Amino acid sequence: MDTMLAGRFHLDSKKFAVEEIPIPVPGPGEVLIEVKAAGVCLSDVHLLDGSLVPLFATSDTITVGHEMAGVIHTLGPDLKRGLTAGTRVTLEAGKTCGRCAGCVRHRPCTQMLTAGIDYDGGWAEYVIAREETLIPIPDSLPFDQAAIIPDAVSTPYAAVVATAGVRPAQSVGIWGVGGVGAHNVRLARLVGAAPIIAVDPLPSARERALAFGADHALDPAAPDFADQIRAATDGRGLDFAFDCAGVPAVREQAASVLGLGGSLILVGITPKPLTITEGLTFNYLQKQVRGHYGGFPESVSELVRLAATGRLDLAPSITDHIPLVDAADAVSRLENKIGDPIRLILVP
C-alpha cells in the first residue's frame with residue numbers, strides 16, 4: 001500500500017475533504033508515524049471556517065490536526081536520537097521554521113510553525129515528524145489520552161504554571177470550560193489554586209467544571225455576577241482570570257473582576273481586537289494583561305510524566321471516538337457543541 005487517507009484543507013478554495021494521497025517518505029532527521037489517535041480542536045474549526053489564517057503555510061493544501069499520537073513506522077536517514085520503529089510517541093504541536101540563525105527551540109519564536117495549520121498534521125493514517133518533536137509515551141498511557149496532551153492539556157498547563165505562575169491559595173477564574181478550559185480547571189487545582197471559579201453559559205459545562213475540581217461554577221449572564229465573584233474571593237477579586245473562550249466580551253468581564261495586581265491571561269485566540277474599557281481602576285489596582293499561545297516543548301514531556309504516574313487522569317477528557325473518514329462530522333459536532341464535547345478523537 002502506497003496511499004493513505006488524510007483530512008485535507010485546500011487553502012485557496014477553503015474546502016475540506018478526506019482524500020486519498022500518497023504516504024509521505026521521511027527525509028533526513030524525520031520519521032514516519034503511524035497515527036493511532038488525533039484530537040479535534042476548536043482551532044481546527046477556526047481554520048476550516050476561515051477565522052484562523054495560516055501565517056507560514058508550507059503548501060496550498062494542508063493535512064489538518066495538531067494533536068496526535070501513534071507509533072514510529074519508518075526511520076528517515078541521519079537521525080541523532082537513536083529512535084526505533086515501534087516506539088509509542090506523541091508529537092509536539094509545532095516546530096520552528098529551522099531557518100533562523102541561532103534558533104533556540106525553548107524560547108518563543110516569531111515563526112513557530114503549527115502542525116495541521118502551517119504544515120501537514122495528524123488527521124491521517126500516517127504523518128511525517130521531525131525527530132526532535134517526538135515525545136515517547138509509556139504503554140500505560142492510551143493513545144487517545146496522549147494525543148490531546150500537545151494542545152488541549154499543554155496550552156492551559158503552560159498558561160497556569162509559566163505565563164501566570166499560579167501559586168497555591170491564589171484565586172483563579174476560568175472563562176469557557178470546553179476543551180481547553182476544562183483542563184485549565186484541573187491544572188489550576190493540581191497546583192493548589194483556591195478558590196477556582198469556572199464561568200460558562202452552558203449549565204452542562206458548569207456541572208462538568210465542578211466535577212473537574214472547580215469550587216464554584218457561575219453563569220456569566222447572572223445579574224449579580226460581580227457580587228458572586230467578590231463573595232467567593234472574600235472581597236479581594238481574582239488573582240488570575242483565564243480567558244479560554246477567545247471572546248472580547250469575556251475579556252471585558254474577566255478584567256473587571258480582577259483584584260489588586262490581578263492578571264488577565266489570554267489563552268483563547270481570536271482575530272478580534274483586544275479592548276479594555278475599564279478606566280482608572282485598572283491603573284489603581286495595577287492590573288495586567290498577558291498574552292499566551294500554546295504550550296512549551298517541555299510542557300508535553302512533563303504532562304506525559306504526570307499522566308503516566310497517575311497525577312493527572314485524562315480519561316474523562318475523551319468524549320468520543322470517530323473514524324477518520326467522518327472527520328467533517330466531528331468538526332460539526334464540536335462547532336455546534338453537540339453533546340458539549342471536551343475532546344473528540346479521530347481514529348484512522
# chains A, B, ... in the order shown; residues from 1 in each chain; ligands from 1

call {"tool": "residues_around", "arguments": {"residues": "segment 241-251 of chain A", "least_positions_apart": "5", "cutoff": "9 Å", "atoms": "only C-alpha atoms", "output": "JSON, numbers by chain"}}
result
{"A": [156, 159, 160, 171, 172, 173, 174, 175, 176, 177, 178, 180, 181, 184, 220, 256, 257, 258, 262, 263, 264, 265, 266, 267, 268, 269, 270, 271, 272, 273, 274, 275, 276]}

call {"tool": "closest_residue", "arguments": {"among": "A:Leu187, A:Ile149, A:Ala231, A:Ala194", "to": "Ile137 of chain A", "atoms": "only C-alpha atoms"}}
result
A:Ile149

call {"tool": "select_by_dssp", "arguments": {"residues": "segment 44-258 of chain A", "states": "strand (DSSP E)", "output": "PyMOL selection string"}}
result
chain A and resi 61-63+68-75+88-91+94-96+112-114+126-130+134-136+172-175+196-199+216-218+238-243+258

call {"tool": "write_last_selection", "arguments": {"atoms": "C-alpha atoms", "output": "compact mmCIF listing (two decimals), in the first residue's frame"}}
result
# COMPACT_ATOMS: atom_id res chain seq x y z
CA THR A 61 -3.17 22.12 0.81
CA ILE A 62 -2.65 21.08 4.43
CA THR A 63 -3.47 17.90 6.32
CA MET A 68 -1.79 13.22 17.58
CA ALA A 69 -0.20 10.07 18.94
CA GLY A 70 0.97 6.89 17.30
CA VAL A 71 3.84 4.54 16.62
CA ILE A 72 7.11 5.13 14.78
CA HIS A 73 6.72 3.26 11.49
CA THR A 74 9.72 4.20 9.33
CA LEU A 75 13.01 5.89 10.17
CA ARG A 88 4.92 4.77 21.02
CA VAL A 89 5.02 8.58 20.77
CA THR A 90 3.05 11.77 20.92
CA LEU A 91 4.12 14.81 18.92
CA GLY A 94 4.56 22.75 16.40
CA LYS A 95 8.10 23.19 15.24
CA THR A 96 10.43 26.05 14.46
CA MET A 112 6.80 28.92 15.03
CA LEU A 113 5.02 26.59 12.63
CA THR A 114 1.89 24.80 13.83
CA TYR A 126 0.49 8.45 8.61
CA VAL A 127 2.33 11.69 9.32
CA ILE A 128 5.93 12.89 8.96
CA ALA A 129 7.58 14.32 12.09
CA ARG A 130 10.96 15.83 12.83
CA LEU A 134 8.70 13.27 19.30
CA ILE A 135 7.87 12.52 22.95
CA PRO A 136 7.91 8.82 23.89
CA VAL A 172 -8.42 31.76 39.69
CA GLY A 173 -11.34 32.39 37.35
CA ILE A 174 -11.66 30.40 34.13
CA TRP A 175 -13.98 31.63 31.37
CA ILE A 196 -11.23 28.08 41.41
CA ILE A 197 -14.22 29.73 39.75
CA ALA A 198 -15.45 28.37 36.41
CA VAL A 199 -17.55 30.66 34.22
CA HIS A 216 -17.71 27.46 42.07
CA ALA A 217 -19.35 27.47 38.64
CA LEU A 218 -21.06 30.70 37.59
CA LEU A 238 -9.38 37.36 41.31
CA ASP A 239 -5.62 36.94 41.24
CA PHE A 240 -5.85 35.45 37.75
CA ALA A 241 -8.59 35.37 35.12
CA PHE A 242 -8.07 32.94 32.24
CA ASP A 243 -9.95 33.65 29.01
CA LEU A 258 -9.58 41.18 38.92

call {"tool": "closest_residue", "arguments": {"among": "A:Ile21, A:Ala146, A:Ala164, A:Leu32", "to": "Leu83 of chain A", "atoms": "only C-alpha atoms"}}
result
A:Leu32

call {"tool": "closest_atom_pairs", "arguments": {"of": "segment 114-205 of chain A", "to": "segment 7-12 of chain A", "cutoff": "12 Å", "atoms": "only C-alpha atoms", "output": "Markdown table"}}
result
| residue | atom | partner | partner_atom | distance |
| --- | --- | --- | --- | --- |
| A:Gly116 | CA | A:Phe9 | CA | 9.1 |
| A:Ile117 | CA | A:Phe9 | CA | 9.1 |
| A:Asp118 | CA | A:Leu11 | CA | 10.5 |
| A:Tyr119 | CA | A:Phe9 | CA | 10.9 |
| A:Asp120 | CA | A:Arg8 | CA | 8.7 |
| A:Gly121 | CA | A:Gly7 | CA | 9.1 |
| A:Gly122 | CA | A:Gly7 | CA | 8.5 |
| A:Trp123 | CA | A:Gly7 | CA | 5.3 |
| A:Ala124 | CA | A:Gly7 | CA | 6.2 |
| A:Glu125 | CA | A:Gly7 | CA | 9.6 |
| A:Tyr126 | CA | A:Gly7 | CA | 11.2 |
| A:Val127 | CA | A:Gly7 | CA | 11.5 |

call {"tool": "closest_residue", "arguments": {"among": "A:Leu141, A:Ala221, A:Leu210, A:Leu190", "to": "Ala308 of chain A", "atoms": "only C-alpha atoms"}}
result
A:Leu141

call {"tool": "closest_residue", "arguments": {"among": "A:Glu30, A:Ala38, A:Ile23, A:Thr155", "to": "Val347 of chain A", "atoms": "only C-alpha atoms"}}
result
A:Ala38

call {"tool": "residues_around", "arguments": {"residues": "Arg167 of chain A", "least_positions_apart": "3", "cutoff": "8 Å", "atoms": "only C-alpha atoms", "output": "list in words"}}
result
Gln170, Val191, Gly192 and Ala193 of chain A

call {"tool": "decode", "arguments": {"residues": "segment 249-262 of chain A", "atoms": "all heavy atoms", "output": "PDB file, in the first residue's frame"}}
result
ATOM      1  N   ALA A 249     -16.093  39.981  24.802  1.00  0.00           N
ATOM      2  CA  ALA A 249     -16.948  40.255  25.961  1.00  0.00           C
ATOM      3  C   ALA A 249     -16.452  39.531  27.201  1.00  0.00           C
ATOM      4  O   ALA A 249     -16.568  40.048  28.324  1.00  0.00           O
ATOM      5  CB  ALA A 249     -18.393  39.854  25.649  1.00  0.00           C
ATOM      6  N   VAL A 250     -15.899  38.340  27.007  1.00  0.00           N
ATOM      7  CA  VAL A 250     -15.328  37.597  28.127  1.00  0.00           C
ATOM      8  C   VAL A 250     -14.164  38.363  28.721  1.00  0.00           C
ATOM      9  O   VAL A 250     -14.023  38.487  29.948  1.00  0.00           O
ATOM     10  CB  VAL A 250     -14.876  36.201  27.661  1.00  0.00           C
ATOM     11  CG1 VAL A 250     -13.888  35.585  28.654  1.00  0.00           C
ATOM     12  CG2 VAL A 250     -16.076  35.284  27.487  1.00  0.00           C
ATOM     13  N   ARG A 251     -13.309  38.904  27.868  1.00  0.00           N
ATOM     14  CA  ARG A 251     -12.122  39.612  28.345  1.00  0.00           C
ATOM     15  C   ARG A 251     -12.513  40.852  29.138  1.00  0.00           C
ATOM     16  O   ARG A 251     -11.902  41.160  30.161  1.00  0.00           O
ATOM     17  CB  ARG A 251     -11.232  39.955  27.149  1.00  0.00           C
ATOM     18  CG  ARG A 251     -10.690  38.707  26.468  1.00  0.00           C
ATOM     19  CD  ARG A 251      -9.938  38.995  25.176  1.00  0.00           C
ATOM     20  NE  ARG A 251      -9.275  37.777  24.714  1.00  0.00           N
ATOM     21  CZ  ARG A 251      -8.456  37.724  23.680  1.00  0.00           C
ATOM     22  NH1 ARG A 251      -8.200  38.818  22.984  1.00  0.00           N
ATOM     23  NH2 ARG A 251      -7.883  36.581  23.343  1.00  0.00           N
ATOM     24  N   GLU A 252     -13.534  41.567  28.690  1.00  0.00           N
ATOM     25  CA  GLU A 252     -14.014  42.732  29.419  1.00  0.00           C
ATOM     26  C   GLU A 252     -14.514  42.334  30.810  1.00  0.00           C
ATOM     27  O   GLU A 252     -14.176  42.958  31.814  1.00  0.00           O
ATOM     28  CB  GLU A 252     -15.140  43.412  28.634  1.00  0.00           C
ATOM     29  CG  GLU A 252     -14.686  44.155  27.405  1.00  0.00           C
ATOM     30  CD  GLU A 252     -14.165  45.545  27.738  1.00  0.00           C
ATOM     31  OE1 GLU A 252     -14.101  45.897  28.935  1.00  0.00           O
ATOM     32  OE2 GLU A 252     -13.811  46.271  26.798  1.00  0.00           O
ATOM     33  N   GLN A 253     -15.340  41.284  30.835  1.00  0.00           N
ATOM     34  CA  GLN A 253     -15.905  40.865  32.118  1.00  0.00           C
ATOM     35  C   GLN A 253     -14.820  40.345  33.048  1.00  0.00           C
ATOM     36  O   GLN A 253     -14.798  40.667  34.247  1.00  0.00           O
ATOM     37  CB  GLN A 253     -16.960  39.783  31.895  1.00  0.00           C
ATOM     38  CG  GLN A 253     -17.670  39.353  33.174  1.00  0.00           C
ATOM     39  CD  GLN A 253     -18.704  38.279  32.935  1.00  0.00           C
ATOM     40  OE1 GLN A 253     -18.381  37.197  32.434  1.00  0.00           O
ATOM     41  NE2 GLN A 253     -19.959  38.565  33.281  1.00  0.00           N
ATOM     42  N   ALA A 254     -13.902  39.548  32.520  1.00  0.00           N
ATOM     43  CA  ALA A 254     -12.843  38.966  33.347  1.00  0.00           C
ATOM     44  C   ALA A 254     -11.940  40.043  33.932  1.00  0.00           C
ATOM     45  O   ALA A 254     -11.572  39.999  35.107  1.00  0.00           O
ATOM     46  CB  ALA A 254     -12.026  37.978  32.523  1.00  0.00           C
ATOM     47  N   ALA A 255     -11.581  41.034  33.125  1.00  0.00           N
ATOM     48  CA  ALA A 255     -10.718  42.111  33.608  1.00  0.00           C
ATOM     49  C   ALA A 255     -11.394  42.910  34.715  1.00  0.00           C
ATOM     50  O   ALA A 255     -10.734  43.367  35.657  1.00  0.00           O
ATOM     51  CB  ALA A 255     -10.325  43.025  32.457  1.00  0.00           C
ATOM     52  N   SER A 256     -12.703  43.039  34.634  1.00  0.00           N
ATOM     53  CA  SER A 256     -13.429  43.880  35.590  1.00  0.00           C
ATOM     54  C   SER A 256     -13.480  43.298  36.990  1.00  0.00           C
ATOM     55  O   SER A 256     -13.709  44.026  37.962  1.00  0.00           O
ATOM     56  CB  SER A 256     -14.856  44.124  35.090  1.00  0.00           C
ATOM     57  OG  SER A 256     -15.642  42.944  35.187  1.00  0.00           O
ATOM     58  N   VAL A 257     -13.264  41.982  37.132  1.00  0.00           N
ATOM     59  CA  VAL A 257     -13.353  41.345  38.459  1.00  0.00           C
ATOM     60  C   VAL A 257     -11.988  40.921  38.993  1.00  0.00           C
ATOM     61  O   VAL A 257     -11.898  40.155  39.950  1.00  0.00           O
ATOM     62  CB  VAL A 257     -14.329  40.144  38.435  1.00  0.00           C
ATOM     63  CG1 VAL A 257     -15.753  40.631  38.228  1.00  0.00           C
ATOM     64  CG2 VAL A 257     -13.948  39.140  37.361  1.00  0.00           C
ATOM     65  N   LEU A 258     -10.915  41.420  38.371  1.00  0.00           N
ATOM     66  CA  LEU A 258      -9.580  41.183  38.921  1.00  0.00           C
ATOM     67  C   LEU A 258      -9.369  42.004  40.173  1.00  0.00           C
ATOM     68  O   LEU A 258      -9.858  43.134  40.292  1.00  0.00           O
ATOM     69  CB  LEU A 258      -8.509  41.545  37.888  1.00  0.00           C
ATOM     70  CG  LEU A 258      -8.380  40.651  36.658  1.00  0.00           C
ATOM     71  CD1 LEU A 258      -7.429  41.286  35.654  1.00  0.00           C
ATOM     72  CD2 LEU A 258      -7.888  39.255  37.057  1.00  0.00           C
ATOM     73  N   GLY A 259      -8.589  41.459  41.107  1.00  0.00           N
ATOM     74  CA  GLY A 259      -8.245  42.185  42.314  1.00  0.00           C
ATOM     75  C   GLY A 259      -6.930  42.924  42.159  1.00  0.00           C
ATOM     76  O   GLY A 259      -6.394  43.069  41.055  1.00  0.00           O
ATOM     77  N   LEU A 260      -6.398  43.394  43.273  1.00  0.00           N
ATOM     78  CA  LEU A 260      -5.145  44.134  43.283  1.00  0.00           C
ATOM     79  C   LEU A 260      -4.018  43.299  42.677  1.00  0.00           C
ATOM     80  O   LEU A 260      -3.737  42.190  43.136  1.00  0.00           O
ATOM     81  CB  LEU A 260      -4.776  44.515  44.715  1.00  0.00           C
ATOM     82  CG  LEU A 260      -3.471  45.286  44.908  1.00  0.00           C
ATOM     83  CD1 LEU A 260      -3.540  46.639  44.225  1.00  0.00           C
ATOM     84  CD2 LEU A 260      -3.152  45.434  46.398  1.00  0.00           C
ATOM     85  N   GLY A 261      -3.385  43.828  41.614  1.00  0.00           N
ATOM     86  CA  GLY A 261      -2.291  43.118  40.969  1.00  0.00           C
ATOM     87  C   GLY A 261      -2.724  41.923  40.156  1.00  0.00           C
ATOM     88  O   GLY A 261      -1.892  41.126  39.727  1.00  0.00           O
ATOM     89  N   GLY A 262      -4.027  41.805  39.903  1.00  0.00           N
ATOM     90  CA  GLY A 262      -4.538  40.652  39.169  1.00  0.00           C
ATOM     91  C   GLY A 262      -4.181  40.695  37.692  1.00  0.00           C
ATOM     92  O   GLY A 262      -3.942  41.756  37.118  1.00  0.00           O
TER      93      GLY A 262
END
